[in-house]
>>> print(open('start-v4.cif').read())   # mmCIF, C-alpha atoms
data_start
#
loop_
_atom_site.label_atom_id
_atom_site.label_comp_id
_atom_site.auth_asym_id
_atom_site.auth_seq_id
_atom_site.Cartn_x
_atom_site.Cartn_y
_atom_site.Cartn_z
CA MET R 215 -22.46 18.52 -5.43
CA LEU R 216 -22.08 16.25 -2.40
CA TYR R 217 -19.80 13.24 -2.79
CA VAL R 218 -20.67 10.40 -0.40
CA LEU R 219 -17.58 8.23 0.06
CA ILE R 220 -18.27 4.72 1.37
CA PRO R 221 -15.28 2.52 2.29
CA SER R 222 -16.18 -1.17 2.63
CA LYS R 223 -14.40 -4.50 2.97
CA ASN R 224 -15.74 -8.03 2.45
CA ASN R 225 -19.22 -7.00 3.54
CA ALA R 226 -21.23 -7.63 0.41
CA GLU R 227 -24.72 -8.17 1.84
CA THR R 228 -24.77 -5.10 4.10
CA LEU R 229 -23.26 -2.91 1.38
CA LEU R 230 -25.83 -4.08 -1.17
CA THR R 231 -28.75 -3.34 1.18
CA GLN R 232 -27.35 0.12 1.91
CA ILE R 233 -26.84 0.99 -1.76
CA LYS R 234 -30.31 -0.28 -2.72
CA ILE R 235 -31.89 1.97 -0.11
CA LEU R 236 -29.76 5.00 -1.03
CA SER R 237 -30.62 4.52 -4.70
CA GLU R 238 -34.32 4.78 -3.81
CA VAL R 239 -33.84 7.79 -1.54
CA PHE R 240 -31.80 9.70 -4.13
CA SER R 241 -33.30 8.26 -7.33
CA SER R 242 -33.87 11.69 -8.88
CA GLU R 243 -31.18 13.71 -7.06
CA VAL R 244 -28.39 14.86 -9.39
CA ASN R 245 -26.45 16.69 -6.67
CA ILE R 246 -25.52 13.51 -4.80
CA LYS R 247 -22.79 11.20 -6.11
CA ILE R 248 -22.10 7.98 -4.22
CA ILE R 249 -18.55 6.59 -4.50
CA VAL R 250 -18.14 3.04 -3.15
CA LEU R 251 -14.55 2.23 -2.17
CA ASP R 252 -14.74 -1.55 -2.00
CA ASN R 253 -11.61 -3.26 -0.69
CA SER R 254 -13.13 -6.73 -0.98
CA LEU R 255 -11.61 -9.86 -2.44
CA HIS R 256 -14.44 -10.12 -4.96
CA ILE R 257 -16.31 -7.57 -7.06
CA ASN R 258 -19.86 -6.91 -5.83
CA HIS R 259 -21.57 -7.04 -9.20
CA ASP R 260 -25.02 -6.14 -7.83
CA VAL R 261 -23.67 -2.97 -6.20
CA ALA R 262 -21.67 -2.15 -9.34
CA SER R 263 -24.83 -2.48 -11.43
CA ILE R 264 -26.85 -0.12 -9.21
CA CYS R 265 -24.03 2.42 -9.18
CA LYS R 266 -23.76 2.33 -12.97
CA ALA R 267 -27.51 2.85 -13.38
CA SER R 268 -27.42 5.79 -10.95
CA ASP R 269 -24.30 7.38 -12.50
CA TRP R 270 -22.43 6.66 -9.28
CA ILE R 271 -19.00 5.09 -8.92
CA TYR R 272 -18.13 1.59 -7.75
CA ASP R 273 -14.40 1.05 -7.36
CA ASN R 274 -13.11 -2.34 -6.24
CA ASP R 275 -9.49 -2.85 -5.17
CA ASP R 276 -8.83 -6.44 -4.10
CA ARG R 277 -5.38 -5.73 -2.62
CA GLN R 278 -5.32 -6.04 1.15
CA ILE R 279 -4.62 -2.41 1.98
CA SER R 280 -4.99 -0.54 5.27
CA VAL R 281 -8.15 1.27 6.30
CA SER R 282 -6.49 4.66 5.80
CA ALA R 283 -5.23 3.64 2.36
CA ASN R 284 -8.81 2.85 1.36
CA PHE R 285 -9.92 6.24 2.68
CA ASN R 286 -7.15 7.84 0.63
CA ARG R 287 -8.70 6.34 -2.50
CA GLY R 288 -11.78 8.39 -1.66
CA ILE R 289 -9.82 11.57 -1.00
CA ASN R 290 -8.14 11.18 -4.39
CA TYR R 291 -11.55 11.17 -6.07
CA VAL R 292 -12.59 14.53 -4.63
CA LYS R 293 -9.32 16.46 -4.66
CA ASN R 294 -9.60 19.42 -7.03
CA LYS R 295 -13.36 18.94 -7.39
CA ALA R 296 -15.83 21.66 -6.49
CA GLY R 297 -18.40 20.89 -3.83
CA TYR R 298 -18.47 18.91 -0.60
CA SER R 299 -17.86 15.37 0.62
CA THR R 300 -18.51 13.03 3.53
CA PHE R 301 -17.19 9.61 4.52
CA ILE R 302 -19.73 7.16 5.93
CA GLY R 303 -19.54 3.45 6.72
CA ASP R 304 -21.34 0.76 4.77
CA ASP R 305 -24.00 0.51 7.50
CA ASP R 306 -24.61 4.28 7.75
CA PHE R 307 -27.09 6.44 5.87
CA ILE R 308 -27.40 9.98 4.61
CA THR R 309 -30.59 11.99 4.04
CA PRO R 310 -31.55 14.88 1.73
CA ALA R 311 -30.93 17.22 4.69
CA ALA R 312 -27.22 16.85 3.89
CA LEU R 313 -27.71 19.00 0.79
CA ASP R 314 -29.17 21.77 2.96
CA ILE R 315 -26.02 21.57 5.09
CA CYS R 316 -23.89 22.06 1.97
CA THR R 317 -25.90 25.17 1.15
CA GLN R 318 -25.33 26.54 4.66
CA LEU R 319 -21.59 25.81 4.53
CA LYS R 320 -21.28 27.70 1.26
CA ALA R 321 -23.40 30.64 2.41
CA LYS R 322 -21.48 31.01 5.69
CA ASN R 323 -18.06 30.23 4.14
CA ILE R 324 -17.48 27.44 6.69
CA ASP R 325 -15.30 24.41 5.93
CA VAL R 326 -16.81 21.54 7.95
CA PHE R 327 -20.10 20.51 9.51
CA ARG R 328 -19.82 18.31 12.65
CA PRO R 329 -23.28 16.86 13.38
CA LEU R 330 -24.76 16.00 16.72
CA PHE R 331 -26.66 12.91 15.63
CA GLU R 332 -30.40 13.16 16.04
CA ASN R 333 -30.86 9.49 15.18
CA LEU R 334 -28.91 6.24 15.17
CA VAL R 335 -30.01 3.17 13.22
CA TYR R 336 -29.53 -0.46 14.24
CA TRP R 337 -29.84 -3.24 11.69
CA ASN R 338 -31.63 -6.54 12.03
CA GLY R 339 -29.62 -8.97 14.12
CA PHE R 340 -27.55 -6.36 15.92
CA LYS R 341 -27.19 -7.09 19.64
CA SER R 342 -26.87 -4.46 22.35
CA ARG R 343 -27.81 -3.90 25.97
CA ARG R 344 -31.35 -3.26 24.74
CA GLY R 345 -31.46 -6.75 23.22
CA SER R 346 -31.36 -7.99 19.63
CA VAL R 347 -32.95 -6.02 16.80
CA ILE R 348 -35.64 -8.22 15.27
CA CYS R 349 -37.12 -5.76 12.73
CA ASP R 350 -35.33 -4.65 9.56
CA PHE R 351 -34.21 -1.35 11.07
CA GLU R 352 -34.59 0.13 14.53
CA VAL R 353 -34.19 3.91 14.68
CA ARG R 354 -33.20 5.28 18.07
CA LYS R 355 -33.77 9.00 18.40
CA ASN R 356 -31.54 10.88 20.83
CA ASN R 357 -33.10 13.33 23.25
CA ARG R 358 -32.45 16.82 21.89
CA LEU R 359 -32.18 18.38 25.34
CA VAL R 360 -29.52 15.84 26.36
CA GLN R 361 -27.62 16.45 23.12
CA ALA R 362 -27.74 20.23 23.48
CA THR R 363 -26.73 20.10 27.13
CA HIS R 364 -23.74 17.89 26.33
CA ALA R 365 -22.60 20.35 23.66
CA ILE R 366 -22.68 23.21 26.17
CA ILE R 367 -20.90 21.22 28.90
CA LYS R 368 -18.21 20.02 26.49
CA LYS R 369 -17.59 23.55 25.26
CA LYS R 370 -17.75 25.38 28.59
CA ILE R 371 -16.33 22.84 31.07
CA PHE R 372 -14.34 20.17 29.24
CA LYS R 373 -12.61 22.48 26.78
CA GLY R 374 -9.44 20.40 26.32
CA ILE R 375 -9.25 17.82 23.56
CA ASN R 376 -9.36 14.36 25.10
CA LYS R 377 -7.49 12.39 22.46
CA PHE R 378 -8.49 9.05 23.95
CA ASP R 379 -12.16 9.54 23.15
CA GLY R 380 -12.16 10.36 19.47
CA PRO R 381 -13.80 13.28 17.65
CA GLN R 382 -17.47 12.43 18.22
CA PHE R 383 -17.50 12.80 22.01
CA ASN R 384 -15.35 15.91 21.72
CA ILE R 385 -17.66 17.42 19.09
CA ILE R 386 -14.71 18.36 16.89
CA PRO R 387 -14.59 17.99 13.11
CA SER R 388 -13.05 15.11 11.20
CA PHE R 389 -13.59 13.77 7.70
CA TYR R 390 -15.72 10.84 8.95
CA HIS R 391 -19.44 11.37 9.63
CA CYS R 392 -18.91 15.07 8.85
CA ILE R 393 -19.54 17.13 5.72
CA PHE R 394 -16.48 19.03 4.48
CA SER R 395 -15.49 21.33 1.66
CA ASN R 396 -13.33 19.63 -0.96
CA SER R 397 -11.15 22.72 -1.01
CA ILE R 398 -9.51 21.72 2.28
CA VAL R 399 -8.32 18.28 1.12
CA GLU R 400 -6.32 19.35 -1.93
CA ASP R 401 -3.04 18.71 -0.07
CA PHE R 402 -4.31 16.13 2.40
CA ASP R 403 -3.64 12.40 2.73
CA PHE R 404 -4.57 10.06 5.57
CA GLY R 405 -1.71 8.62 7.59
CA PRO R 406 -1.55 6.25 10.58
CA PHE R 407 -3.77 4.83 11.95
CA ALA R 408 -7.50 5.62 12.40
CA PRO R 409 -8.89 7.93 9.68
CA ASP R 410 -11.39 9.75 11.92
CA SER R 411 -8.89 10.64 14.66
CA TYR R 412 -6.12 11.35 12.16
CA SER R 413 -8.25 13.85 10.25
CA ALA R 414 -9.48 15.37 13.55
CA GLY R 415 -5.89 16.05 14.57
CA TYR R 416 -5.13 17.54 11.16
CA LEU R 417 -8.14 19.85 11.26
CA GLN R 418 -7.41 20.99 14.82
CA GLN R 419 -3.84 21.84 13.88
CA HIS R 420 -4.99 23.86 10.85
CA LYS R 421 -7.78 25.61 12.76
CA ILE R 422 -10.36 24.82 10.12
CA SER R 423 -13.70 26.60 10.53
CA PHE R 424 -16.65 24.41 11.49
CA TYR R 425 -20.03 24.42 13.14
CA SER R 426 -22.17 21.84 14.92
CA GLU R 427 -25.87 21.34 15.44
CA ILE R 428 -28.34 18.53 16.04
CA SER R 429 -29.00 17.05 12.63
CA ASN R 430 -30.49 14.12 10.75
CA ALA R 431 -28.26 14.69 7.70
CA ILE R 432 -26.07 11.70 8.58
CA ILE R 433 -27.41 8.69 10.47
CA PRO R 434 -24.71 6.38 11.84
CA GLY R 435 -25.63 2.72 11.70
CA SER R 436 -24.73 -0.49 13.49
CA ALA R 437 -25.06 -3.72 11.56
CA PRO R 438 -24.06 -7.18 12.83
CA ARG R 439 -21.03 -6.84 10.57
CA SER R 440 -20.02 -3.46 9.19
CA ALA R 441 -17.15 -1.53 7.66
CA SER R 442 -15.93 -0.59 11.12
CA ALA R 443 -16.03 -4.24 12.16
CA TYR R 444 -13.12 -5.20 9.93
CA THR R 445 -10.81 -2.95 11.94
CA ALA R 446 -12.23 -3.97 15.30
CA ILE R 447 -10.72 -6.40 17.75
CA LYS R 448 -10.99 -6.88 21.48
CA ASP R 449 -8.83 -4.28 23.20
CA GLY R 450 -5.42 -5.55 24.19
CA HIS R 451 -5.77 -8.82 22.26
CA ASP R 452 -2.63 -8.30 20.18
CA SER R 453 0.03 -5.72 19.33
CA PHE R 454 0.29 -3.02 16.67
CA ALA R 455 2.79 -5.23 14.82
CA SER R 456 0.46 -8.25 14.72
CA HIS R 457 -2.69 -6.50 13.56
CA ALA R 458 -3.07 -5.61 9.87
CA HIS R 459 -4.88 -2.33 10.53
CA THR R 460 -1.81 -0.83 12.24
CA ASN R 461 0.96 -3.07 10.87
CA ALA R 462 0.43 -1.60 7.40
CA TYR R 463 2.25 1.53 8.55
CA LEU R 464 5.15 -0.19 10.31
CA ASP R 465 8.57 -0.87 8.78
CA ASP R 466 12.15 -1.55 9.90
CA GLU R 467 12.67 2.11 10.73
CA THR R 468 9.68 2.26 13.10
CA LEU R 469 10.44 2.45 16.81
CA SER R 470 10.01 -0.89 18.52
CA GLU R 471 7.99 0.93 21.18
CA VAL R 472 5.28 1.55 18.56
CA ALA R 473 5.29 -1.96 17.10
CA THR R 474 4.96 -3.61 20.52
CA LEU R 475 2.15 -1.38 21.78
CA SER R 476 -0.93 -3.28 22.86
CA TYR R 477 -3.67 -2.95 20.24
CA ARG R 478 -6.04 -0.77 22.24
CA SER R 479 -8.59 1.79 21.08
CA ASP R 480 -7.21 4.60 23.22
CA TYR R 481 -3.66 4.06 21.97
CA ILE R 482 -4.84 4.04 18.35
CA TRP R 483 -6.94 7.19 18.78
CA TYR R 484 -4.17 9.02 20.63
CA LEU R 485 -1.40 8.26 18.13
CA SER R 486 -3.72 8.82 15.15
CA PHE R 487 -4.73 12.25 16.45
CA LEU R 488 -1.08 13.09 17.09
CA ALA R 489 -0.06 11.89 13.62
CA GLY R 490 -2.74 14.10 12.09
CA GLU R 491 -1.53 17.12 14.05
CA LYS R 492 2.03 16.55 12.89
CA GLN R 493 1.04 15.25 9.44
CA TYR R 494 2.96 12.01 9.82
CA LEU R 495 2.36 9.68 6.88
CA MET R 496 4.22 6.64 8.23
CA ALA R 497 4.71 5.18 11.69
CA LYS R 498 8.49 5.61 11.45
CA GLN R 499 7.93 9.33 12.00
CA PHE R 500 6.76 8.78 15.58
CA THR R 501 9.36 9.74 18.17
CA LYS R 502 10.01 8.29 21.62
CA SER R 503 8.50 11.45 23.04
CA ASP R 504 5.29 10.77 21.09
CA VAL R 505 5.00 7.25 22.48
CA GLU R 506 5.88 8.32 26.00
CA GLY R 507 3.03 10.82 25.80
CA ILE R 508 0.56 7.93 25.99
CA SER R 509 1.56 6.99 29.52
CA GLY R 510 1.59 10.63 30.56
CA TYR R 511 -1.89 11.38 29.30
CA HIS R 512 -4.67 10.58 31.75
CA VAL R 513 -8.40 11.11 31.57
CA SER R 514 -9.65 12.86 34.68
CA ASN R 515 -11.96 10.94 37.00
CA ILE R 516 -14.51 13.74 36.69
CA LEU R 517 -14.59 13.30 32.93
CA LYS R 518 -14.90 9.53 33.26
CA LYS R 519 -17.87 9.92 35.59
CA TYR R 520 -19.43 12.48 33.27
CA LYS R 521 -19.10 10.15 30.29
CA ARG R 522 -20.75 7.30 32.20
CA MET R 523 -23.56 9.56 33.36
CA LEU R 524 -24.08 10.88 29.82
CA SER R 525 -24.25 7.33 28.48
CA LEU R 526 -26.84 6.30 31.06
CA ILE R 527 -28.98 9.40 30.54
CA SER R 528 -28.82 9.03 26.76
CA ALA R 529 -29.86 5.37 26.94
CA ALA R 530 -32.75 6.21 29.27
CA THR R 531 -34.12 9.07 27.16
CA ILE R 532 -33.96 7.76 23.61
CA THR R 533 -37.14 6.91 21.74
CA VAL R 534 -37.34 3.87 19.49
CA LYS R 535 -39.18 3.29 16.22
CA LYS R 536 -39.12 0.00 14.32
CA HIS R 537 -39.21 -0.04 10.53
CA ALA R 538 -39.46 -2.48 7.67
CA LYS R 539 -37.16 -1.63 4.74
CA SER R 540 -39.87 0.29 2.89
CA GLY R 541 -40.82 2.34 5.94
CA PHE R 542 -37.19 3.06 6.71
CA THR R 543 -36.61 4.24 3.14
CA ASP R 544 -39.55 6.65 3.50
CA PHE R 545 -38.10 7.85 6.80
CA LEU R 546 -34.80 8.70 5.09
CA LYS R 547 -36.54 10.47 2.21
CA ASN R 548 -38.19 12.81 4.69
CA GLY R 549 -34.77 13.78 6.02
#
>>> encode(input="start-v4.cif", output="structure tokens")
Amino acid sequence: MLYVLIPSKNNAETLLTQIKILSEVFSSEVNIKIIVLDNSLHINHDVASICKASDWIYDNDDRQISVSANFNRGINYVKNKAGYSTFIGDDDFITPAALDICTQLKAKNIDVFRPLFENLVYWNGFKSRRGSVICDFEVRKNNRLVQATHAIIKKKIFKGINKFDGPQFNIIPSFYHCIFSNSIVEDFDFGPFAPDSYSAGYLQQHKISFYSEISNAIIPGSAPRSASAYTAIKDGHDSFASHAHTNAYLDDETLSEVATLSYRSDYIWYLSFLAGEKQYLMAKQFTKSDVEGISGYHVSNILKKYKRMLSLISAATITVKKHAKSGFTDFLKNG
């Protein structure tokens, strides 16, 4: 069994479209169970109805909880359950190939699969450097040679974990956009602040077994407004204390140095990874040494140049296919 955990917040239209498509892709698949973790102010009755008809789970909690707290609701569903799980956003998709990954994990006795994404999907209305998406879904396929070369370079040359860049660039496992064995989350809970980086730090500390390969099992998406969007804000716009995503973990015992940090992606990723390594569950557990580590950690200029070059090469070598909803659904069915 593969449990697909989908956190969402006040994003009813995108979530409904995603669930409609997934219900068609997996209409006769009994080994997939979707669990929607909706942290919206109002119940999405259409999504709830589809989930009920598919024997899936729709769970709405209208309290304004943190992102990690919503992820913990998902972890609580799969603790002590046999099988595998994955967290995806409400604009992402999963294909039947994910079940083949579960079979491989079991056969090889490996805990986590960290995909190198073969495809990315952009929703109608999404704007990027390539312009606005005017079809229902635009699938951008990454060049396999570029992907494979990056994996080799990251492993052989840039071996160190660059905490500022998150788990995807580093090709390390986390519980987001990865497939993991439920056996490794029995004693796990998300802490501050970002669930992907927090779980990456936790898994690195525990030396969990994993493997990576180019795969279409999980297809990350970008919609005009998505689950990730409700945590997003322009870097440096406010402080940890003034933004709900991070403030949820702050209290009177938290160091002022944490509360006054500028709300920046690299700070969030760094402290989240560190919290996962040390299994901090609240921000008051951060020490002055932890915070000082931010200023002492620098990304090398070589790595910066490599990242920029990789981004340019990737953008230049992708191939694009445009789909209506029906065609995109067929694309997913084919894995």
>>> atom_distance(input="start-v4.cif", atom1="CA of Lys223 in chain R", atom2="CA of Asp304 in chain R")
8.9 Å
>>> atom_distance(input="start-v4.cif", atom1="CA of His256 in chain R", atom2="CA of Leu230 in chain R")
13.4 Å
>>> closest_atom_pairs(input="start-v4.cif", of="range 313-378 of chain R", to="range 416-427 of chain R", cutoff="7 Å", atoms="only C-alpha atoms", output="tab-separated table")
residue	atom	partner	partner_atom	distance
R:Ile324	CA	R:Ser423	CA	5.5
R:Asp325	CA	R:Ser423	CA	5.3
R:Val326	CA	R:Phe424	CA	4.6
R:Phe327	CA	R:Tyr425	CA	5.3
R:Arg328	CA	R:Ser426	CA	4.8
R:Pro329	CA	R:Ser426	CA	5.3
R:Leu330	CA	R:Glu427	CA	5.6
>>> closest_residue(input="start-v4.cif", among="R:Asn356, R:Ser346, R:Ser222, R:Ser436", to="Thr531 in chain R", atoms="all atoms listed in the file")
R:Asn356
>>> atom_distance(input="start-v4.cif", atom1="CA of Asn245 in chain R", atom2="CA of Gly297 in chain R")
9.5 Å
>>> residues_around(input="start-v4.cif", residues="Ala262 in chain R", least_positions_apart="5", cutoff="9 Å", atoms="only C-alpha atoms", output="list of chain:residue names")
R:Val250, R:Ile257, R:Ala267, R:Trp270, R:Ile271, R:Tyr272, R:Asp273
>>> resolve_selection(input="start-v4.cif", expression="the PyMOL selection byres ((chain R and resi 215) around 12)", output="NGL selection string")
:R and (216-218 or 243-248 or 292 or 295-300 or 312-317 or 320 or 393-396)
>>> write_last_selection(input="start-v4.cif", atoms="C-alpha atoms", output="PDB file, in the coordinates of the input")
ATOM      1  CA  LEU R 216     -22.080  16.250  -2.400  1.00  0.00           C
ATOM      2  CA  TYR R 217     -19.800  13.240  -2.790  1.00  0.00           C
ATOM      3  CA  VAL R 218     -20.670  10.400  -0.400  1.00  0.00           C
ATOM      4  CA  GLU R 243     -31.180  13.710  -7.060  1.00  0.00           C
ATOM      5  CA  VAL R 244     -28.390  14.860  -9.390  1.00  0.00           C
ATOM      6  CA  ASN R 245     -26.450  16.690  -6.670  1.00  0.00           C
ATOM      7  CA  ILE R 246     -25.520  13.510  -4.800  1.00  0.00           C
ATOM      8  CA  LYS R 247     -22.790  11.200  -6.110  1.00  0.00           C
ATOM      9  CA  ILE R 248     -22.100   7.980  -4.220  1.00  0.00           C
ATOM     10  CA  VAL R 292     -12.590  14.530  -4.630  1.00  0.00           C
ATOM     11  CA  LYS R 295     -13.360  18.940  -7.390  1.00  0.00           C
ATOM     12  CA  ALA R 296     -15.830  21.660  -6.490  1.00  0.00           C
ATOM     13  CA  GLY R 297     -18.400  20.890  -3.830  1.00  0.00           C
ATOM     14  CA  TYR R 298     -18.470  18.910  -0.600  1.00  0.00           C
ATOM     15  CA  SER R 299     -17.860  15.370   0.620  1.00  0.00           C
ATOM     16  CA  THR R 300     -18.510  13.030   3.530  1.00  0.00           C
ATOM     17  CA  ALA R 312     -27.220  16.850   3.890  1.00  0.00           C
ATOM     18  CA  LEU R 313     -27.710  19.000   0.790  1.00  0.00           C
ATOM     19  CA  ASP R 314     -29.170  21.770   2.960  1.00  0.00           C
ATOM     20  CA  ILE R 315     -26.020  21.570   5.090  1.00  0.00           C
ATOM     21  CA  CYS R 316     -23.890  22.060   1.970  1.00  0.00           C
ATOM     22  CA  THR R 317     -25.900  25.170   1.150  1.00  0.00           C
ATOM     23  CA  LYS R 320     -21.280  27.700   1.260  1.00  0.00           C
ATOM     24  CA  ILE R 393     -19.540  17.130   5.720  1.00  0.00           C
ATOM     25  CA  PHE R 394     -16.480  19.030   4.480  1.00  0.00           C
ATOM     26  CA  SER R 395     -15.490  21.330   1.660  1.00  0.00           C
ATOM     27  CA  ASN R 396     -13.330  19.630  -0.960  1.00  0.00           C
TER      28      ASN R 396
END
>>> closest_residue(input="start-v4.cif", among="R:Lys293, R:Arg287, R:Lys341, R:Lys547", to="Thr309 in chain R", atoms="only C-alpha atoms")
R:Lys547
>>> resolve_selection(input="start-v4.cif", expression="the PyMOL selection byres ((chain R and resi 252) around 12)", output="JSON list (two decimals) with C-alpha atoms, in the coordinates of the input")
[["chain", "number", "residue", "atom", "x", "y", "z"],
["R", 219, "LEU", "CA", -17.58, 8.23, 0.06],
["R", 220, "ILE", "CA", -18.27, 4.72, 1.37],
["R", 221, "PRO", "CA", -15.28, 2.52, 2.29],
["R", 222, "SER", "CA", -16.18, -1.17, 2.63],
["R", 223, "LYS", "CA", -14.40, -4.50, 2.97],
["R", 224, "ASN", "CA", -15.74, -8.03, 2.45],
["R", 225, "ASN", "CA", -19.22, -7.00, 3.54],
["R", 226, "ALA", "CA", -21.23, -7.63, 0.41],
["R", 229, "LEU", "CA", -23.26, -2.91, 1.38],
["R", 230, "LEU", "CA", -25.83, -4.08, -1.17],
["R", 249, "ILE", "CA", -18.55, 6.59, -4.50],
["R", 250, "VAL", "CA", -18.14, 3.04, -3.15],
["R", 251, "LEU", "CA", -14.55, 2.23, -2.17],
["R", 253, "ASN", "CA", -11.61, -3.26, -0.69],
["R", 254, "SER", "CA", -13.13, -6.73, -0.98],
["R", 255, "LEU", "CA", -11.61, -9.86, -2.44],
["R", 256, "HIS", "CA", -14.44, -10.12, -4.96],
["R", 257, "ILE", "CA", -16.31, -7.57, -7.06],
["R", 258, "ASN", "CA", -19.86, -6.91, -5.83],
["R", 259, "HIS", "CA", -21.57, -7.04, -9.20],
["R", 261, "VAL", "CA", -23.67, -2.97, -6.20],
["R", 262, "ALA", "CA", -21.67, -2.15, -9.34],
["R", 271, "ILE", "CA", -19.00, 5.09, -8.92],
["R", 272, "TYR", "CA", -18.13, 1.59, -7.75],
["R", 273, "ASP", "CA", -14.40, 1.05, -7.36],
["R", 274, "ASN", "CA", -13.11, -2.34, -6.24],
["R", 275, "ASP", "CA", -9.49, -2.85, -5.17],
["R", 276, "ASP", "CA", -8.83, -6.44, -4.10],
["R", 277, "ARG", "CA", -5.38, -5.73, -2.62],
["R", 278, "GLN", "CA", -5.32, -6.04, 1.15],
["R", 279, "ILE", "CA", -4.62, -2.41, 1.98],
["R", 281, "VAL", "CA", -8.15, 1.27, 6.30],
["R", 283, "ALA", "CA", -5.23, 3.64, 2.36],
["R", 284, "ASN", "CA", -8.81, 2.85, 1.36],
["R", 285, "PHE", "CA", -9.92, 6.24, 2.68],
["R", 287, "ARG", "CA", -8.70, 6.34, -2.50],
["R", 288, "GLY", "CA", -11.78, 8.39, -1.66],
["R", 303, "GLY", "CA", -19.54, 3.45, 6.72],
["R", 304, "ASP", "CA", -21.34, 0.76, 4.77],
["R", 441, "ALA", "CA", -17.15, -1.53, 7.66]]
>>> closest_residue(input="start-v4.cif", among="R:Cys392, R:Ala473, R:Ile366, R:Val335", to="Ser413 in chain R", atoms="only C-alpha atoms")
R:Cys392
>>> resolve_selection(input="start-v4.cif", expression="the PyMOL selection byres ((chain R and resi 524) around 12)", output="MDAnalysis selection string")
chainID R and resid 356:357 359:365 367:368 383 517:523 525:531
>>> closest_residue(input="start-v4.cif", among="R:Leu546, R:Ile289, R:Ile386, R:Val239", to="Val399 in chain R", atoms="all atoms listed in the file")
R:Ile289
>>> residues_near_point(input="start-v4.cif", point="(-34.5, -6.7, 12.6)", cutoff="12 Å", atoms="only C-alpha atoms", output="list in words")
Val335, Tyr336, Trp337, Asn338, Gly339, Phe340, Lys341, Gly345, Ser346, Val347, Ile348, Cys349, Asp350, Phe351, Glu352, Val353, Ser436, Ala437, Pro438, Lys535, Lys536, His537, Ala538, Lys539 and Phe542 of chain R
>>> residues_around(input="start-v4.cif", residues="Phe454 in chain R", least_positions_apart="5", cutoff="12 Å", atoms="all atoms listed in the file", output="VMD selection string")
chain R and resid 406 to 407 447 449 459 to 465 468 to 479 481 to 482 485 497
>>> residues_around(input="start-v4.cif", residues="Tyr412 in chain R", least_positions_apart="2", cutoff="8 Å", atoms="all atoms listed in the file", output="PyMOL selection string")
chain R and resi 388+404-410+414-416+483+486-491
>>> closest_residue(input="start-v4.cif", among="R:Phe545, R:Pro310, R:Tyr484, R:His457", to="Ser509 in chain R", atoms="only C-alpha atoms")
R:Tyr484
